[in-house]
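Engineer: Provided below: my_file14.txt, containing compact mmCIF, N, CA and C atoms.
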```txt
# COMPACT_ATOMS: atom_id res chain seq x y z
N MET W 1 109.37 88.85 113.66
CA MET W 1 109.81 89.27 112.37
C MET W 1 111.34 89.31 112.38
N ARG W 2 111.93 89.01 111.24
CA ARG W 2 113.39 89.09 111.15
C ARG W 2 113.81 89.46 109.74
N THR W 3 115.00 90.00 109.66
CA THR W 3 115.60 90.33 108.38
C THR W 3 117.10 90.13 108.51
N TYR W 4 117.78 90.21 107.40
CA TYR W 4 119.23 90.06 107.41
C TYR W 4 119.86 91.32 106.84
N GLY W 5 120.93 91.76 107.48
CA GLY W 5 121.65 92.94 107.03
C GLY W 5 123.10 92.60 106.74
N ARG W 6 123.64 93.25 105.72
CA ARG W 6 125.02 93.02 105.30
C ARG W 6 125.90 94.06 105.96
N LEU W 7 126.91 93.61 106.68
CA LEU W 7 127.86 94.52 107.32
C LEU W 7 128.88 95.00 106.31
N PRO W 8 129.50 96.16 106.55
CA PRO W 8 130.57 96.61 105.65
C PRO W 8 131.72 95.59 105.64
N PRO W 9 132.49 95.54 104.56
CA PRO W 9 133.58 94.56 104.49
C PRO W 9 134.65 94.84 105.54
N ASP W 10 135.24 93.76 106.08
CA ASP W 10 136.33 93.92 107.04
C ASP W 10 137.64 94.15 106.26
N GLU W 11 138.76 94.14 106.96
CA GLU W 11 140.04 94.45 106.31
C GLU W 11 140.43 93.43 105.24
N THR W 12 139.89 92.22 105.30
CA THR W 12 140.19 91.22 104.27
C THR W 12 139.20 91.26 103.11
N GLY W 13 138.17 92.10 103.21
CA GLY W 13 137.16 92.18 102.17
C GLY W 13 135.97 91.27 102.39
N TYR W 14 135.97 90.52 103.48
CA TYR W 14 134.88 89.59 103.78
C TYR W 14 133.65 90.37 104.23
N ARG W 15 132.50 90.05 103.65
CA ARG W 15 131.24 90.69 104.03
C ARG W 15 130.40 89.68 104.79
N GLN W 16 129.96 90.07 105.96
CA GLN W 16 129.20 89.18 106.82
C GLN W 16 127.74 89.62 106.87
N TRP W 17 126.85 88.63 106.91
CA TRP W 17 125.42 88.90 107.07
C TRP W 17 125.05 88.65 108.53
N VAL W 18 124.22 89.53 109.09
CA VAL W 18 123.75 89.35 110.46
C VAL W 18 122.23 89.35 110.46
N GLU W 19 121.66 88.62 111.40
CA GLU W 19 120.22 88.53 111.54
C GLU W 19 119.73 89.58 112.54
N VAL W 20 118.68 90.29 112.18
CA VAL W 20 118.08 91.28 113.07
C VAL W 20 116.64 90.83 113.31
N GLN W 21 116.27 90.69 114.59
CA GLN W 21 114.95 90.18 114.95
C GLN W 21 114.17 91.20 115.77
N THR W 22 112.88 90.91 115.91
CA THR W 22 112.03 91.71 116.79
C THR W 22 112.60 91.66 118.20
N GLN W 23 112.60 92.82 118.88
CA GLN W 23 113.13 92.87 120.24
C GLN W 23 112.17 92.19 121.21
N ALA W 24 112.65 91.93 122.41
CA ALA W 24 111.84 91.22 123.41
C ALA W 24 110.55 91.96 123.75
N ASP W 25 110.57 93.30 123.67
CA ASP W 25 109.37 94.08 123.99
C ASP W 25 108.42 94.20 122.80
N GLY W 26 108.74 93.55 121.68
CA GLY W 26 107.87 93.55 120.51
C GLY W 26 108.17 94.64 119.50
N ALA W 27 109.19 95.43 119.73
CA ALA W 27 109.54 96.53 118.81
C ALA W 27 110.24 95.98 117.57
N ASN W 28 109.77 96.43 116.43
CA ASN W 28 110.36 96.03 115.15
C ASN W 28 111.17 97.14 114.50
N ASP W 29 111.50 98.19 115.25
CA ASP W 29 112.16 99.35 114.68
C ASP W 29 113.48 98.99 114.00
N TYR W 30 114.30 98.19 114.64
CA TYR W 30 115.61 97.86 114.06
C TYR W 30 115.48 96.91 112.88
N VAL W 31 114.43 96.12 112.84
CA VAL W 31 114.17 95.28 111.67
C VAL W 31 113.86 96.17 110.47
N TYR W 32 113.03 97.18 110.68
CA TYR W 32 112.67 98.08 109.58
C TYR W 32 113.83 98.98 109.18
N ILE W 33 114.66 99.41 110.14
CA ILE W 33 115.83 100.22 109.80
C ILE W 33 116.79 99.41 108.93
N THR W 34 117.01 98.15 109.29
CA THR W 34 117.89 97.29 108.50
C THR W 34 117.30 97.05 107.11
N THR W 35 116.01 96.80 107.03
CA THR W 35 115.36 96.57 105.74
C THR W 35 115.42 97.82 104.88
N LEU W 36 115.20 99.00 105.46
CA LEU W 36 115.30 100.25 104.71
C LEU W 36 116.71 100.44 104.16
N THR W 37 117.71 100.18 104.98
CA THR W 37 119.10 100.32 104.54
C THR W 37 119.39 99.37 103.37
N GLN W 38 118.93 98.14 103.49
CA GLN W 38 119.15 97.17 102.42
C GLN W 38 118.41 97.58 101.15
N CYS W 39 117.20 98.13 101.29
CA CYS W 39 116.45 98.56 100.11
C CYS W 39 117.14 99.70 99.38
N LEU W 40 117.76 100.62 100.12
CA LEU W 40 118.46 101.72 99.47
C LEU W 40 119.74 101.24 98.80
N GLN W 41 120.20 100.05 99.12
CA GLN W 41 121.39 99.50 98.47
C GLN W 41 121.05 98.45 97.43
N LEU W 42 119.77 98.10 97.31
CA LEU W 42 119.34 97.14 96.30
C LEU W 42 119.25 97.80 94.93
N ILE W 43 119.39 96.99 93.91
CA ILE W 43 119.09 97.43 92.57
C ILE W 43 117.61 97.19 92.35
N LEU W 44 116.94 98.08 91.67
CA LEU W 44 115.51 97.94 91.44
C LEU W 44 115.21 96.60 90.79
N GLY W 45 114.30 95.84 91.38
CA GLY W 45 113.92 94.54 90.86
C GLY W 45 114.87 93.41 91.24
N GLU W 46 115.86 93.67 92.09
CA GLU W 46 116.82 92.64 92.47
C GLU W 46 116.20 91.60 93.40
N SER W 47 115.29 92.03 94.25
CA SER W 47 114.66 91.11 95.18
C SER W 47 113.65 90.23 94.45
N PRO W 48 113.72 88.91 94.64
CA PRO W 48 112.74 88.05 93.98
C PRO W 48 111.35 88.13 94.61
N PHE W 49 111.26 88.70 95.81
CA PHE W 49 109.98 88.76 96.52
C PHE W 49 109.33 90.13 96.44
N PHE W 50 110.13 91.19 96.41
CA PHE W 50 109.61 92.56 96.42
C PHE W 50 110.22 93.33 95.25
N ALA W 51 109.63 93.18 94.08
CA ALA W 51 110.20 93.77 92.87
C ALA W 51 110.16 95.29 92.87
N ASN W 52 109.29 95.90 93.67
CA ASN W 52 109.18 97.35 93.68
C ASN W 52 110.10 98.00 94.72
N TYR W 53 110.94 97.23 95.38
CA TYR W 53 111.89 97.77 96.36
C TYR W 53 113.25 97.92 95.72
N GLY W 54 113.98 98.95 96.12
CA GLY W 54 115.31 99.20 95.59
C GLY W 54 115.32 100.44 94.73
N ILE W 55 116.51 100.85 94.32
CA ILE W 55 116.67 102.02 93.47
C ILE W 55 117.65 101.68 92.34
N PRO W 56 117.51 102.34 91.18
CA PRO W 56 118.43 102.07 90.07
C PRO W 56 119.73 102.86 90.22
N ALA W 57 120.54 102.51 91.20
CA ALA W 57 121.75 103.28 91.52
C ALA W 57 122.79 103.20 90.41
N GLU W 58 123.03 102.00 89.87
CA GLU W 58 124.05 101.87 88.83
C GLU W 58 123.69 102.68 87.59
N ILE W 59 122.44 102.62 87.19
CA ILE W 59 121.98 103.39 86.03
C ILE W 59 122.11 104.88 86.33
N SER W 60 121.82 105.27 87.57
CA SER W 60 121.91 106.67 87.96
C SER W 60 123.34 107.19 87.88
N VAL W 61 124.30 106.36 88.27
CA VAL W 61 125.70 106.76 88.19
C VAL W 61 126.12 106.93 86.73
N ILE W 62 125.69 106.00 85.89
CA ILE W 62 126.03 106.08 84.47
C ILE W 62 125.42 107.32 83.83
N GLN W 63 124.15 107.60 84.15
CA GLN W 63 123.44 108.74 83.55
C GLN W 63 123.69 110.05 84.28
N GLN W 64 124.34 109.99 85.46
CA GLN W 64 124.61 111.18 86.27
C GLN W 64 123.32 111.87 86.71
N ILE W 65 122.29 111.07 86.98
CA ILE W 65 121.01 111.58 87.49
C ILE W 65 120.70 110.85 88.79
N PHE W 66 120.49 111.60 89.86
CA PHE W 66 120.18 110.96 91.14
C PHE W 66 118.82 110.27 91.08
N PRO W 67 118.69 109.12 91.74
CA PRO W 67 117.42 108.37 91.70
C PRO W 67 116.42 108.90 92.74
N ASP W 68 116.15 110.20 92.71
CA ASP W 68 115.29 110.82 93.73
C ASP W 68 113.88 110.26 93.74
N PHE W 69 113.32 109.96 92.59
CA PHE W 69 111.96 109.42 92.55
C PHE W 69 111.88 108.11 93.32
N TYR W 70 112.84 107.22 93.11
CA TYR W 70 112.83 105.92 93.77
C TYR W 70 113.13 106.03 95.26
N VAL W 71 113.97 106.98 95.63
CA VAL W 71 114.25 107.21 97.05
C VAL W 71 113.00 107.74 97.74
N THR W 72 112.28 108.64 97.08
CA THR W 72 111.02 109.15 97.64
C THR W 72 110.00 108.03 97.77
N GLN W 73 109.93 107.16 96.79
CA GLN W 73 109.02 106.02 96.85
C GLN W 73 109.39 105.10 98.02
N THR W 74 110.67 104.85 98.23
CA THR W 74 111.12 104.03 99.34
C THR W 74 110.78 104.71 100.67
N GLN W 75 110.96 106.01 100.74
CA GLN W 75 110.62 106.74 101.96
C GLN W 75 109.13 106.60 102.26
N GLN W 76 108.28 106.69 101.26
CA GLN W 76 106.85 106.55 101.46
C GLN W 76 106.47 105.13 101.88
N GLN W 77 107.20 104.12 101.39
CA GLN W 77 106.91 102.74 101.76
C GLN W 77 107.26 102.47 103.22
N PHE W 78 108.31 103.11 103.75
CA PHE W 78 108.77 102.82 105.10
C PHE W 78 108.30 103.83 106.14
N ALA W 79 107.79 104.97 105.74
CA ALA W 79 107.38 106.02 106.69
C ALA W 79 106.34 105.55 107.72
N PRO W 80 105.38 104.69 107.39
CA PRO W 80 104.41 104.27 108.40
C PRO W 80 105.00 103.48 109.57
N PHE W 81 106.22 102.97 109.42
CA PHE W 81 106.82 102.16 110.47
C PHE W 81 107.59 102.97 111.51
N PHE W 82 107.73 104.28 111.30
CA PHE W 82 108.50 105.13 112.20
C PHE W 82 107.69 106.36 112.60
N ALA W 83 108.10 107.00 113.68
CA ALA W 83 107.48 108.26 114.07
C ALA W 83 107.88 109.35 113.06
N SER W 84 109.11 109.30 112.56
CA SER W 84 109.58 110.25 111.56
C SER W 84 110.65 109.58 110.71
N LEU W 85 110.57 109.80 109.41
CA LEU W 85 111.56 109.28 108.47
C LEU W 85 111.83 110.35 107.42
N ILE W 86 113.06 110.83 107.37
CA ILE W 86 113.45 111.84 106.39
C ILE W 86 114.71 111.34 105.68
N ILE W 87 114.64 111.25 104.37
CA ILE W 87 115.79 110.84 103.56
C ILE W 87 116.17 112.03 102.68
N THR W 88 117.41 112.50 102.82
CA THR W 88 117.86 113.65 102.04
C THR W 88 119.12 113.29 101.26
N LYS W 89 119.28 113.96 100.13
CA LYS W 89 120.42 113.72 99.26
C LYS W 89 121.64 114.45 99.81
N MET W 90 122.78 113.78 99.84
CA MET W 90 124.04 114.39 100.28
C MET W 90 124.68 115.11 99.11
N PRO W 91 125.38 116.22 99.37
CA PRO W 91 126.01 116.97 98.27
C PRO W 91 127.33 116.36 97.84
N GLU W 92 127.28 115.16 97.32
CA GLU W 92 128.46 114.47 96.82
C GLU W 92 128.18 114.06 95.38
N PRO W 93 129.21 113.74 94.63
CA PRO W 93 128.97 113.35 93.24
C PRO W 93 128.34 111.97 93.07
N THR W 94 128.43 111.11 94.07
CA THR W 94 127.82 109.78 93.97
C THR W 94 126.50 109.78 94.73
N PRO W 95 125.57 108.93 94.36
CA PRO W 95 124.30 108.88 95.09
C PRO W 95 124.49 108.40 96.53
N THR W 96 124.51 109.33 97.46
CA THR W 96 124.60 109.04 98.88
C THR W 96 123.46 109.78 99.56
N TYR W 97 122.78 109.10 100.47
CA TYR W 97 121.63 109.69 101.13
C TYR W 97 121.81 109.66 102.64
N LEU W 98 121.31 110.71 103.30
CA LEU W 98 121.33 110.81 104.74
C LEU W 98 119.94 110.44 105.24
N VAL W 99 119.87 109.42 106.07
CA VAL W 99 118.60 108.94 106.60
C VAL W 99 118.49 109.36 108.06
N ASN W 100 117.44 110.11 108.38
CA ASN W 100 117.15 110.53 109.74
C ASN W 100 115.86 109.85 110.17
N ILE W 101 115.93 109.09 111.26
CA ILE W 101 114.78 108.32 111.73
C ILE W 101 114.55 108.65 113.20
N VAL W 102 113.28 108.80 113.55
CA VAL W 102 112.87 108.79 114.94
C VAL W 102 111.96 107.57 115.08
N THR W 103 112.39 106.60 115.90
CA THR W 103 111.63 105.37 116.04
C THR W 103 110.37 105.63 116.85
N ASN W 104 109.53 104.64 116.91
CA ASN W 104 108.28 104.75 117.68
C ASN W 104 108.53 104.89 119.17
N TYR W 105 109.72 104.55 119.64
CA TYR W 105 110.08 104.68 121.05
C TYR W 105 110.92 105.91 121.31
N GLY W 106 111.09 106.78 120.30
CA GLY W 106 111.80 108.04 120.48
C GLY W 106 113.29 108.02 120.24
N THR W 107 113.84 106.90 119.83
CA THR W 107 115.27 106.81 119.54
C THR W 107 115.56 107.48 118.20
N ARG W 108 116.59 108.32 118.18
CA ARG W 108 116.99 108.99 116.94
C ARG W 108 118.13 108.21 116.30
N VAL W 109 117.99 107.97 115.01
CA VAL W 109 119.02 107.27 114.24
C VAL W 109 119.34 108.12 113.02
N GLN W 110 120.63 108.38 112.81
CA GLN W 110 121.08 109.11 111.64
C GLN W 110 122.16 108.28 110.97
N GLN W 111 122.02 108.07 109.66
CA GLN W 111 122.93 107.17 108.97
C GLN W 111 123.11 107.64 107.53
N GLU W 112 124.35 107.65 107.06
CA GLU W 112 124.64 107.91 105.65
C GLU W 112 124.65 106.58 104.92
N ILE W 113 123.93 106.53 103.80
CA ILE W 113 123.84 105.29 103.03
C ILE W 113 124.30 105.57 101.62
N PRO W 114 125.49 105.08 101.24
CA PRO W 114 125.89 105.20 99.83
C PRO W 114 125.17 104.14 99.02
N THR W 115 124.66 104.52 97.87
CA THR W 115 123.92 103.55 97.06
C THR W 115 124.77 103.03 95.94
```
Output the structure of this file as structure tokens.
Structural biologist:
Amino acid sequence: MRTYGRLPPDETGYRQWVEVQTQADGANDYVYITTLTQCLQLILGESPFFANYGIPAEISVIQQIFPDFYVTQTQQQFAPFFASLIITKMPEPTPTYLVNIVTNYGTRVQQEIPT
């Protein structure tokens, strides 16, 4: 299995895509972490293959309402792939979420994802 993740822009503003694949031992944890991160940054319906993935972040910023329903839906979609997945809202004015993951191999990952 493989997916592609977008890295943050470098000093020139260039955004690079990297490929994330299944590890040699068959673990797909990092593939799912990358896909979860990309889904939280997608606009709802942006993917031509998975229309139910993503959150309406731009609309949420305009309306000043956090997209909690869609974040909860995304958490439910990805929870079966990890030992633990908790997504919480950060106390900032923009939709930013803190993702806490415990992989199936016990690795803890904590990441802030601005939407």
Engineer: Which of these, W:Thr3, W:Gln110, W:Ser84, W:Gln73, has the shortest distance to Thr35 of chain W once you count only C-alpha atoms?
Structural biologist: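 Comparing W:Thr3, W:Gln110, W:Ser84, W:Gln73 against Thr35 of chain W, the winner is W:Thr3.
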Engineer: Compare W:Tyr53, W:Gln16, W:Ala83, W:Leu44 by their minimum atom-to-atom distance to Gly106 of chain W, counting all atoms listed in the file, and give me the closest one.
Structural biologist: W:Ala83
Engineer: Within 7 Å of segment 85-97 of chain W, which residues of segment 11-79 of chain W come that close, and what is the closest atom pair and distance in Å for each? Count all atoms listed in the file and give it as CSV.
Structural biologist:
```
residue,atom,partner,partner_atom,distance
W:Val61,CA,W:Pro95,N,6.5
W:Phe66,CA,W:Pro95,CA,6.1
W:Pro67,N,W:Pro95,CA,6.5
W:Gln75,CA,W:Ile87,N,6.5
W:Phe78,C,W:Leu85,CA,6.8
W:Ala79,CA,W:Leu85,CA,5.6
```
Engineer: What does the distance from atom N of Glu11 of chain W to atom CA of Leu42 of chain W come to in Å, to one decimal?
Structural biologist: 22.4 Å
Engineer: Can you list, as a compact mmCIF listing (two decimals) with N, CA and C atoms, in the coordinates of the input, every residue of chain W that DSSP puts in helix (DSSP H, G or I)?
Structural biologist:
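Heads up, here's the output in out.txt:
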```txt
# COMPACT_ATOMS: atom_id res chain seq x y z
N ASP W 29 111.50 98.19 115.25
CA ASP W 29 112.16 99.35 114.68
C ASP W 29 113.48 98.99 114.00
N TYR W 30 114.30 98.19 114.64
CA TYR W 30 115.61 97.86 114.06
C TYR W 30 115.48 96.91 112.88
N VAL W 31 114.43 96.12 112.84
CA VAL W 31 114.17 95.28 111.67
C VAL W 31 113.86 96.17 110.47
N TYR W 32 113.03 97.18 110.68
CA TYR W 32 112.67 98.08 109.58
C TYR W 32 113.83 98.98 109.18
N ILE W 33 114.66 99.41 110.14
CA ILE W 33 115.83 100.22 109.80
C ILE W 33 116.79 99.41 108.93
N THR W 34 117.01 98.15 109.29
CA THR W 34 117.89 97.29 108.50
C THR W 34 117.30 97.05 107.11
N THR W 35 116.01 96.80 107.03
CA THR W 35 115.36 96.57 105.74
C THR W 35 115.42 97.82 104.88
N LEU W 36 115.20 99.00 105.46
CA LEU W 36 115.30 100.25 104.71
C LEU W 36 116.71 100.44 104.16
N THR W 37 117.71 100.18 104.98
CA THR W 37 119.10 100.32 104.54
C THR W 37 119.39 99.37 103.37
N GLN W 38 118.93 98.14 103.49
CA GLN W 38 119.15 97.17 102.42
C GLN W 38 118.41 97.58 101.15
N CYS W 39 117.20 98.13 101.29
CA CYS W 39 116.45 98.56 100.11
C CYS W 39 117.14 99.70 99.38
N LEU W 40 117.76 100.62 100.12
CA LEU W 40 118.46 101.72 99.47
C LEU W 40 119.74 101.24 98.80
N GLN W 41 120.20 100.05 99.12
CA GLN W 41 121.39 99.50 98.47
C GLN W 41 121.05 98.45 97.43
N ALA W 57 120.54 102.51 91.20
CA ALA W 57 121.75 103.28 91.52
C ALA W 57 122.79 103.20 90.41
N GLU W 58 123.03 102.00 89.87
CA GLU W 58 124.05 101.87 88.83
C GLU W 58 123.69 102.68 87.59
N ILE W 59 122.44 102.62 87.19
CA ILE W 59 121.98 103.39 86.03
C ILE W 59 122.11 104.88 86.33
N SER W 60 121.82 105.27 87.57
CA SER W 60 121.91 106.67 87.96
C SER W 60 123.34 107.19 87.88
N VAL W 61 124.30 106.36 88.27
CA VAL W 61 125.70 106.76 88.19
C VAL W 61 126.12 106.93 86.73
N ILE W 62 125.69 106.00 85.89
CA ILE W 62 126.03 106.08 84.47
C ILE W 62 125.42 107.32 83.83
N GLN W 63 124.15 107.60 84.15
CA GLN W 63 123.44 108.74 83.55
C GLN W 63 123.69 110.05 84.28
N ASP W 68 116.15 110.20 92.71
CA ASP W 68 115.29 110.82 93.73
C ASP W 68 113.88 110.26 93.74
N PHE W 69 113.32 109.96 92.59
CA PHE W 69 111.96 109.42 92.55
C PHE W 69 111.88 108.11 93.32
N TYR W 70 112.84 107.22 93.11
CA TYR W 70 112.83 105.92 93.77
C TYR W 70 113.13 106.03 95.26
N VAL W 71 113.97 106.98 95.63
CA VAL W 71 114.25 107.21 97.05
C VAL W 71 113.00 107.74 97.74
N THR W 72 112.28 108.64 97.08
CA THR W 72 111.02 109.15 97.64
C THR W 72 110.00 108.03 97.77
N GLN W 73 109.93 107.16 96.79
CA GLN W 73 109.02 106.02 96.85
C GLN W 73 109.39 105.10 98.02
N THR W 74 110.67 104.85 98.23
CA THR W 74 111.12 104.03 99.34
C THR W 74 110.78 104.71 100.67
N GLN W 75 110.96 106.01 100.74
CA GLN W 75 110.62 106.74 101.96
C GLN W 75 109.13 106.60 102.26
N GLN W 76 108.28 106.69 101.26
CA GLN W 76 106.85 106.55 101.46
C GLN W 76 106.47 105.13 101.88
N GLN W 77 107.20 104.12 101.39
CA GLN W 77 106.91 102.74 101.76
C GLN W 77 107.26 102.47 103.22
N PHE W 78 108.31 103.11 103.75
CA PHE W 78 108.77 102.82 105.10
C PHE W 78 108.30 103.83 106.14
N ALA W 79 107.79 104.97 105.74
CA ALA W 79 107.38 106.02 106.69
C ALA W 79 106.34 105.55 107.72
N PRO W 80 105.38 104.69 107.39
CA PRO W 80 104.41 104.27 108.40
C PRO W 80 105.00 103.48 109.57
N PHE W 81 106.22 102.97 109.42
CA PHE W 81 106.82 102.16 110.47
C PHE W 81 107.59 102.97 111.51
```
Engineer: At what distance in Å, to one decimal, does atom CA of Gly26 of chain W lie from atom CA of Thr103 of chain W?
Structural biologist: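 Atom-to-atom, atom CA of Thr103 of chain W to atom CA of Gly26 of chain W, that is 13.2 Å.
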